[in-house]
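Have a look at the structure below before the remarks.
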Amino acid sequence: MDLSTTYLGFKLPHPFIPGASPVVNDLGAVRALEDAGAPMLVMPSLFEEQIVAESRATQHAHEQGADSFAEATSYLPGADDYRVGTDEYLENIRRIKAAVRIPVVASLNGVSPGGWTDYARLMEQAGADALELNLYEVAMDPNESAAQVEDRLVATVKAVRSAVKVPMAVKLSPYFTAFANLAKRLEDTGANGLVVFNRFFQPDVDVENQEVRRTYPSHRSEVLLRLHWLAVLSAQRKLSLAATGGVHSEVEAVKAIMCGAHAVQVVSRIIKSGPGAIRELRLRLADWLAAHEYESLNQMRGSLNLSRCPDPKLYERGNYIQILQSWDLAAKETF
């Protein structure tokens with residue numbers, strides 16, 4: 001069975017890519033992932049705060065303001081709480097590149113052009129085969145418009161694109177007023193791919209202790225939002241598309257690929273089951289395709305995207321109306 005795909009210009013034997021997670025910081029795990037058939041690795045992000053924290057002014061701010069009032073102690077991690085510093089991150093790229101033969105994608109996480117260009121260039125020089133810009137931002141300033149937020153993100157991508165030659169994917173959240181337009185702008189700016197979607201900090205609340213609980217592992221239900229935008233974007237853009245979030249089995253991968261994904265990033269399944277999850281997912285995907293009489297992954301890709309729909313907007317609204325009007329009290333039995 002031909003499971004090959006192309007992502008960011010790299011020909012991969014199958015679409016399951018270990019996504020950004022602490023697992024990739026361990027060389028033993030990295031080698032185990034390659035042995036299990038991982039076709040590419042995405043490193044955990046180097047955060048903008050890590051870059052800024054290396055300046056004396058930010059270090060001084062941490063020391064002077066951390067205990068000024070009780071709540072301040074939990075806003076930002078202290079300098080020692082970040083897993084790796086900037087120099088160590090670059091060294092990690094070199095070590096991982098020396099340990100494996102598959103492409104290695106370095107990741108930058110931030111929201112402003114600032115030092116992005118310098119560190120993107122250093123990552124490229126350290127041997128990164130591609131970059132993933134993780135544009136994580138929660139827009140909560142009432143004085144900043146949606147256009148200003150998007151302009152800043154586009155400016156960041158433009159700045160990094162001017163600094164490096166390696167392929168570049170942009171990892172975004174879905175919470176933009178006109179996401180399809182933003183995707184177009186990013187492609188025009190020089191992005192080679194989109195990763196959908198980043199997972200915002202989603203707090204739970206411990207009501208007994210009145211504390212916030214941080215949640216990390218994804219749930220397979222999260223893939224639904226990814227499917228929606230993969231179906232839209234794959235019909236409009238030439239970008240490489242990767243799904244991340246909610247892919248726990250070959251079934252979610254099939255759905256994402258049918259909607260237009262070129263690759264699927266896997267994190268929670270690897271954390272739960274270990275590196276061998278990559279081999280298992282690949283074999284299960286091959287079995288599924290064979291059972292459904294597909295000859296290749298490419299034959300299936302995009303079969304359910306909106307390029308096959310003459311009026312996507314009408315289709316979306318029609319489904320929305322149909323769901324609401326067909327609601328029946330008997331539907332409660334399905335819950």
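To be explicit about the labels: the chains of the structure tokens are called A, B, and onward in the order shown, and within each one the residues are counted from 1, while ligands get numbers from 1 in the order they are shown.
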
field: Contact residues around segment 178-184 of chain A with only C-alpha atoms at 8 Å, ignoring same-chain residues under 3 positions, as a list in words
entry: Glu150, Pro174, Tyr175, Glu187, Asp188, Leu194, Val232, Leu233 and Arg237 of chain A

query: For the atom pair atom CA of Thr189 of chain A and atom CA of Ile51 of chain A, what is the interatomic distance in Å to one decimal place?
result: 24.2 Å

- request: Using DSSP on the backbone coordinates, identify the residues of segment 260-318 of chain A assigned to helix (DSSP H, G or I); present them as a PyMOL selection string.
  value: chain A and resi 268-273+276-291+297-300+306-308+312-318

Could you write out the selected residues, including N, CA and C atoms, as a CSV table (one decimal), in the first residue's frame?
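This is the output file part.csv:
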```csv
chain,number,residue,atom,x,y,z
A,268,SER,N,-0.4,13.1,21.8
A,268,SER,CA,-1.0,12.5,23.0
A,268,SER,C,-0.9,10.9,22.9
A,269,ARG,N,-1.1,10.4,21.7
A,269,ARG,CA,-1.0,9.0,21.5
A,269,ARG,C,0.4,8.5,21.8
A,270,ILE,N,1.4,9.2,21.4
A,270,ILE,CA,2.8,8.8,21.6
A,270,ILE,C,3.1,8.9,23.1
A,271,ILE,N,2.6,10.0,23.8
A,271,ILE,CA,2.9,10.1,25.2
A,271,ILE,C,2.2,9.0,26.0
A,272,LYS,N,1.0,8.5,25.5
A,272,LYS,CA,0.3,7.5,26.2
A,272,LYS,C,0.9,6.1,25.9
A,273,SER,N,1.2,5.8,24.6
A,273,SER,CA,1.6,4.5,24.2
A,273,SER,C,3.1,4.3,23.9
A,276,GLY,N,6.3,3.4,19.7
A,276,GLY,CA,5.7,2.3,18.8
A,276,GLY,C,4.4,2.7,18.3
A,277,ALA,N,3.7,3.7,18.8
A,277,ALA,CA,2.4,4.2,18.3
A,277,ALA,C,2.5,4.6,16.8
A,278,ILE,N,3.6,5.1,16.4
A,278,ILE,CA,3.8,5.5,15.0
A,278,ILE,C,3.7,4.3,14.1
A,279,ARG,N,4.4,3.2,14.5
A,279,ARG,CA,4.3,2.0,13.7
A,279,ARG,C,2.9,1.4,13.6
A,280,GLU,N,2.3,1.4,14.8
A,280,GLU,CA,0.9,0.9,14.8
A,280,GLU,C,-0.1,1.7,14.0
A,281,LEU,N,0.0,3.0,14.1
A,281,LEU,CA,-0.9,3.9,13.3
A,281,LEU,C,-0.6,3.6,11.8
A,282,ARG,N,0.6,3.5,11.4
A,282,ARG,CA,0.9,3.3,10.0
A,282,ARG,C,0.3,2.0,9.5
A,283,LEU,N,0.5,0.9,10.2
A,283,LEU,CA,0.0,-0.4,9.8
A,283,LEU,C,-1.6,-0.4,9.8
A,284,ARG,N,-2.2,0.3,10.8
A,284,ARG,CA,-3.6,0.3,10.8
A,284,ARG,C,-4.2,1.1,9.6
A,285,LEU,N,-3.5,2.2,9.3
A,285,LEU,CA,-3.9,3.0,8.1
A,285,LEU,C,-3.8,2.2,6.9
A,286,ALA,N,-2.7,1.5,6.7
A,286,ALA,CA,-2.6,0.6,5.5
A,286,ALA,C,-3.7,-0.4,5.4
A,287,ASP,N,-4.0,-1.0,6.5
A,287,ASP,CA,-5.1,-2.0,6.6
A,287,ASP,C,-6.4,-1.4,6.2
A,288,TRP,N,-6.7,-0.2,6.7
A,288,TRP,CA,-8.0,0.5,6.4
A,288,TRP,C,-8.1,0.8,5.0
A,289,LEU,N,-7.0,1.3,4.4
A,289,LEU,CA,-7.1,1.7,2.9
A,289,LEU,C,-7.3,0.4,2.1
A,290,ALA,N,-6.6,-0.7,2.4
A,290,ALA,CA,-6.8,-1.9,1.7
A,290,ALA,C,-8.2,-2.4,1.8
A,291,ALA,N,-8.8,-2.4,3.0
A,291,ALA,CA,-10.1,-2.9,3.3
A,291,ALA,C,-11.1,-2.0,2.5
A,297,LEU,N,-2.6,6.6,-0.6
A,297,LEU,CA,-3.1,7.7,0.2
A,297,LEU,C,-3.6,8.8,-0.6
A,298,ASN,N,-2.8,9.1,-1.7
A,298,ASN,CA,-3.1,10.2,-2.5
A,298,ASN,C,-4.5,10.1,-3.2
A,299,GLN,N,-4.9,8.9,-3.5
A,299,GLN,CA,-6.2,8.6,-4.1
A,299,GLN,C,-7.3,9.1,-3.2
A,300,MET,N,-7.1,9.1,-1.9
A,300,MET,CA,-8.1,9.4,-0.9
A,300,MET,C,-8.1,10.9,-0.5
A,306,LEU,N,-14.1,20.9,0.1
A,306,LEU,CA,-15.2,21.7,-0.5
A,306,LEU,C,-15.0,22.1,-1.9
A,307,SER,N,-13.9,21.6,-2.6
A,307,SER,CA,-13.7,21.9,-4.0
A,307,SER,C,-14.8,21.1,-4.8
A,308,ARG,N,-15.3,20.1,-4.2
A,308,ARG,CA,-16.4,19.3,-4.8
A,308,ARG,C,-17.8,19.9,-4.6
A,312,PRO,N,-20.0,26.3,-1.4
A,312,PRO,CA,-19.6,25.9,-0.1
A,312,PRO,C,-20.4,26.7,1.0
A,313,LYS,N,-20.6,28.0,0.8
A,313,LYS,CA,-21.2,28.8,1.9
A,313,LYS,C,-22.7,28.3,2.0
A,314,LEU,N,-23.4,28.1,0.9
A,314,LEU,CA,-24.7,27.6,1.0
A,314,LEU,C,-24.8,26.2,1.6
A,315,TYR,N,-23.8,25.4,1.3
A,315,TYR,CA,-23.7,24.0,1.9
A,315,TYR,C,-23.6,24.1,3.4
A,316,GLU,N,-22.7,24.9,3.9
A,316,GLU,CA,-22.5,25.0,5.3
A,316,GLU,C,-23.8,25.5,6.0
A,317,ARG,N,-24.4,26.5,5.5
A,317,ARG,CA,-25.6,27.1,6.1
A,317,ARG,C,-26.8,26.1,6.0
A,318,GLY,N,-26.8,25.4,4.9
A,318,GLY,CA,-27.9,24.4,4.7
A,318,GLY,C,-27.8,23.3,5.8
```

message: as a count of residues only, please: the residues near Val164 of chain A (cut-off 9 Å, only C-alpha atoms, same-chain neighbours under 2 positions excluded).
response: 10

- prompt: Which neighbours of His262 of chain A fall inside 8 Å, counting only C-alpha atoms, when residues of the same chain fewer than 6 positions from it are skipped, and could you give them as JSON, numbers by chain?
  reply: {"A": [5, 6, 7, 15, 240, 241, 242, 301]}

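Our summary of the geometry notes that atom CA of Ala191 of chain A is positioned 10.5 Å from atom CA of Lys238 of chain A.
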
- request: Find the spatial neighbours of Gly19 of chain A, counting only C-alpha atoms, within a cut-off of 7 Å - ignore same-chain residues fewer than 6 positions away - and output them as a PyMOL selection string.
  value: chain A and resi 41-42+265-267

Using the selection just defined, write its residues with N, CA and C atoms as a PDB file, in the first residue's frame.
```pdb
ATOM      1  N   LEU A  41      10.407  14.740  12.455  1.00  0.00           N
ATOM      2  CA  LEU A  41      10.220  15.097  13.859  1.00  0.00           C
ATOM      3  C   LEU A  41       9.987  16.592  13.985  1.00  0.00           C
ATOM      4  N   VAL A  42       9.058  16.978  14.855  1.00  0.00           N
ATOM      5  CA  VAL A  42       8.872  18.388  15.189  1.00  0.00           C
ATOM      6  C   VAL A  42       9.336  18.599  16.624  1.00  0.00           C
ATOM      7  N   GLN A 265      -0.089  15.305  12.756  1.00  0.00           N
ATOM      8  CA  GLN A 265       0.860  15.306  13.865  1.00  0.00           C
ATOM      9  C   GLN A 265       0.253  14.578  15.061  1.00  0.00           C
ATOM     10  N   VAL A 266       1.056  13.736  15.682  1.00  0.00           N
ATOM     11  CA  VAL A 266       0.593  12.896  16.782  1.00  0.00           C
ATOM     12  C   VAL A 266       1.406  13.229  18.026  1.00  0.00           C
ATOM     13  N   VAL A 267       0.730  13.510  19.126  1.00  0.00           N
ATOM     14  CA  VAL A 267       1.419  13.804  20.385  1.00  0.00           C
ATOM     15  C   VAL A 267       0.862  12.954  21.521  1.00  0.00           C
TER      16      VAL A 267
END
```

field: Length of the atom CA of Glu132 of chain A to atom CA of Pro44 of chain A vector [Å]
entry: 9.8 Å

message: Using only C-alpha atoms, which protein or nucleic acid residues come within 12 Å of Tyr119 of chain A? Drop anything in the same chain fewer than 4 positions from it, and give the result as a PyMOL selection string.
response: chain A and resi 45-48+50-52+85-87+89-90+106-110+113-115+123-126+128+131+133+159-160+163-164

Would you save the residues from that selection as a PDB file, in the first residue's frame, using C-alpha atoms?
```
ATOM      1  CA  SER A  45       9.010  25.195  20.789  1.00  0.00           C
ATOM      2  CA  LEU A  46      11.584  27.754  21.773  1.00  0.00           C
ATOM      3  CA  PHE A  47       9.386  30.407  23.372  1.00  0.00           C
ATOM      4  CA  GLU A  48       9.638  34.126  22.780  1.00  0.00           C
ATOM      5  CA  GLN A  50      12.860  32.416  26.695  1.00  0.00           C
ATOM      6  CA  ILE A  51      14.537  34.737  24.222  1.00  0.00           C
ATOM      7  CA  VAL A  52      13.436  37.842  26.089  1.00  0.00           C
ATOM      8  CA  GLY A  85      17.490  27.937  27.045  1.00  0.00           C
ATOM      9  CA  THR A  86      18.262  29.347  23.629  1.00  0.00           C
ATOM     10  CA  ASP A  87      21.822  27.999  23.391  1.00  0.00           C
ATOM     11  CA  TYR A  89      17.893  24.535  22.069  1.00  0.00           C
ATOM     12  CA  LEU A  90      20.338  25.108  19.226  1.00  0.00           C
ATOM     13  CA  ALA A 106      12.520  23.363  14.772  1.00  0.00           C
ATOM     14  CA  SER A 107       9.748  25.395  16.362  1.00  0.00           C
ATOM     15  CA  LEU A 108       9.516  29.025  17.445  1.00  0.00           C
ATOM     16  CA  ASN A 109       6.616  30.159  19.638  1.00  0.00           C
ATOM     17  CA  GLY A 110       5.767  33.843  19.970  1.00  0.00           C
ATOM     18  CA  PRO A 113       8.843  39.944  14.979  1.00  0.00           C
ATOM     19  CA  GLY A 114      11.505  40.966  17.553  1.00  0.00           C
ATOM     20  CA  GLY A 115      14.217  38.343  17.892  1.00  0.00           C
ATOM     21  CA  MET A 123      18.058  27.331  13.917  1.00  0.00           C
ATOM     22  CA  GLU A 124      18.636  27.003  10.198  1.00  0.00           C
ATOM     23  CA  GLN A 125      22.402  27.219  10.731  1.00  0.00           C
ATOM     24  CA  ALA A 126      22.197  24.579  13.472  1.00  0.00           C
ATOM     25  CA  ALA A 128      16.985  22.430  11.120  1.00  0.00           C
ATOM     26  CA  LEU A 131      10.694  25.678  10.793  1.00  0.00           C
ATOM     27  CA  LEU A 133       6.205  29.097  13.660  1.00  0.00           C
ATOM     28  CA  ALA A 159      10.224  38.773   8.824  1.00  0.00           C
ATOM     29  CA  VAL A 160      11.136  35.130   9.374  1.00  0.00           C
ATOM     30  CA  ALA A 163      15.685  35.500   7.224  1.00  0.00           C
ATOM     31  CA  VAL A 164      15.653  31.807   6.263  1.00  0.00           C
TER      32      VAL A 164
END
```

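Look at Phe197 of chain A: the protein and nucleic acid residues within 10 Å of it, using only C-alpha atoms and passing over chain neighbours fewer than 4 places away, are A:Asn134, A:Val170, A:Lys171, A:Leu172, A:Ser173, A:Pro174, A:Tyr175, A:Glu222, A:Val223, A:Leu225, A:Arg226, A:Trp229, A:Ala242, A:Ala243, A:Thr244, A:Gly245.
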
Once you have the residues from the selection above, write them out as a PDB file, in the first residue's frame, restricted to N, CA and C atoms.
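Now in again-v6.pdb:
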```pdb
ATOM      1  N   ASN A 134       4.976  28.805  15.702  1.00  0.00           N
ATOM      2  CA  ASN A 134       3.809  28.557  16.530  1.00  0.00           C
ATOM      3  C   ASN A 134       3.293  29.904  17.029  1.00  0.00           C
ATOM      4  N   VAL A 170       3.271  27.425   9.470  1.00  0.00           N
ATOM      5  CA  VAL A 170       2.733  28.316  10.495  1.00  0.00           C
ATOM      6  C   VAL A 170       1.633  27.572  11.244  1.00  0.00           C
ATOM      7  N   LYS A 171       1.800  27.493  12.560  1.00  0.00           N
ATOM      8  CA  LYS A 171       0.815  26.820  13.410  1.00  0.00           C
ATOM      9  C   LYS A 171      -0.067  27.877  14.058  1.00  0.00           C
ATOM     10  N   LEU A 172      -1.361  27.795  13.815  1.00  0.00           N
ATOM     11  CA  LEU A 172      -2.290  28.835  14.235  1.00  0.00           C
ATOM     12  C   LEU A 172      -3.426  28.270  15.083  1.00  0.00           C
ATOM     13  N   SER A 173      -4.081  29.158  15.803  1.00  0.00           N
ATOM     14  CA  SER A 173      -5.344  28.818  16.443  1.00  0.00           C
ATOM     15  C   SER A 173      -6.476  29.081  15.440  1.00  0.00           C
ATOM     16  N   PRO A 174      -7.662  28.566  15.672  1.00  0.00           N
ATOM     17  CA  PRO A 174      -8.765  28.789  14.731  1.00  0.00           C
ATOM     18  C   PRO A 174      -9.536  30.073  14.988  1.00  0.00           C
ATOM     19  N   TYR A 175      -9.136  30.840  16.010  1.00  0.00           N
ATOM     20  CA  TYR A 175      -9.989  31.934  16.462  1.00  0.00           C
ATOM     21  C   TYR A 175      -9.672  33.259  15.779  1.00  0.00           C
ATOM     22  N   GLU A 222     -11.639  16.761  19.370  1.00  0.00           N
ATOM     23  CA  GLU A 222     -11.036  18.003  18.901  1.00  0.00           C
ATOM     24  C   GLU A 222     -10.761  17.991  17.401  1.00  0.00           C
ATOM     25  N   VAL A 223     -10.726  16.813  16.804  1.00  0.00           N
ATOM     26  CA  VAL A 223     -10.410  16.739  15.380  1.00  0.00           C
ATOM     27  C   VAL A 223     -11.508  17.357  14.517  1.00  0.00           C
ATOM     28  N   LEU A 225     -13.126  20.271  14.522  1.00  0.00           N
ATOM     29  CA  LEU A 225     -12.842  21.621  14.060  1.00  0.00           C
ATOM     30  C   LEU A 225     -11.734  21.610  13.016  1.00  0.00           C
ATOM     31  N   ARG A 226     -10.763  20.728  13.186  1.00  0.00           N
ATOM     32  CA  ARG A 226      -9.684  20.609  12.196  1.00  0.00           C
ATOM     33  C   ARG A 226     -10.238  20.162  10.845  1.00  0.00           C
ATOM     34  N   TRP A 229     -11.831  23.063   8.747  1.00  0.00           N
ATOM     35  CA  TRP A 229     -10.940  24.001   8.063  1.00  0.00           C
ATOM     36  C   TRP A 229     -10.009  23.315   7.077  1.00  0.00           C
ATOM     37  N   ALA A 242      -1.217  20.318   7.706  1.00  0.00           N
ATOM     38  CA  ALA A 242      -1.056  19.285   8.725  1.00  0.00           C
ATOM     39  C   ALA A 242      -2.136  19.460   9.779  1.00  0.00           C
ATOM     40  N   ALA A 243      -2.719  18.348  10.200  1.00  0.00           N
ATOM     41  CA  ALA A 243      -3.691  18.369  11.293  1.00  0.00           C
ATOM     42  C   ALA A 243      -2.971  18.011  12.581  1.00  0.00           C
ATOM     43  N   THR A 244      -3.284  18.719  13.643  1.00  0.00           N
ATOM     44  CA  THR A 244      -2.747  18.377  14.955  1.00  0.00           C
ATOM     45  C   THR A 244      -3.828  18.621  15.996  1.00  0.00           C
ATOM     46  N   GLY A 245      -3.991  17.661  16.897  1.00  0.00           N
ATOM     47  CA  GLY A 245      -5.023  17.769  17.915  1.00  0.00           C
ATOM     48  C   GLY A 245      -6.164  16.807  17.642  1.00  0.00           C
TER      49      GLY A 245
END
```

statement: From the list A:Met1, A:Val100, A:Ala235, A:Ile93, the nearest residue to Val30 of chain A using only C-alpha atoms is A:Val100

task: Have a look at A:Glu211, A:Glu137, A:Glu295, A:Asp129 and name the one nearest to Arg94 of chain A; count only C-alpha atoms.
output: A:Asp129
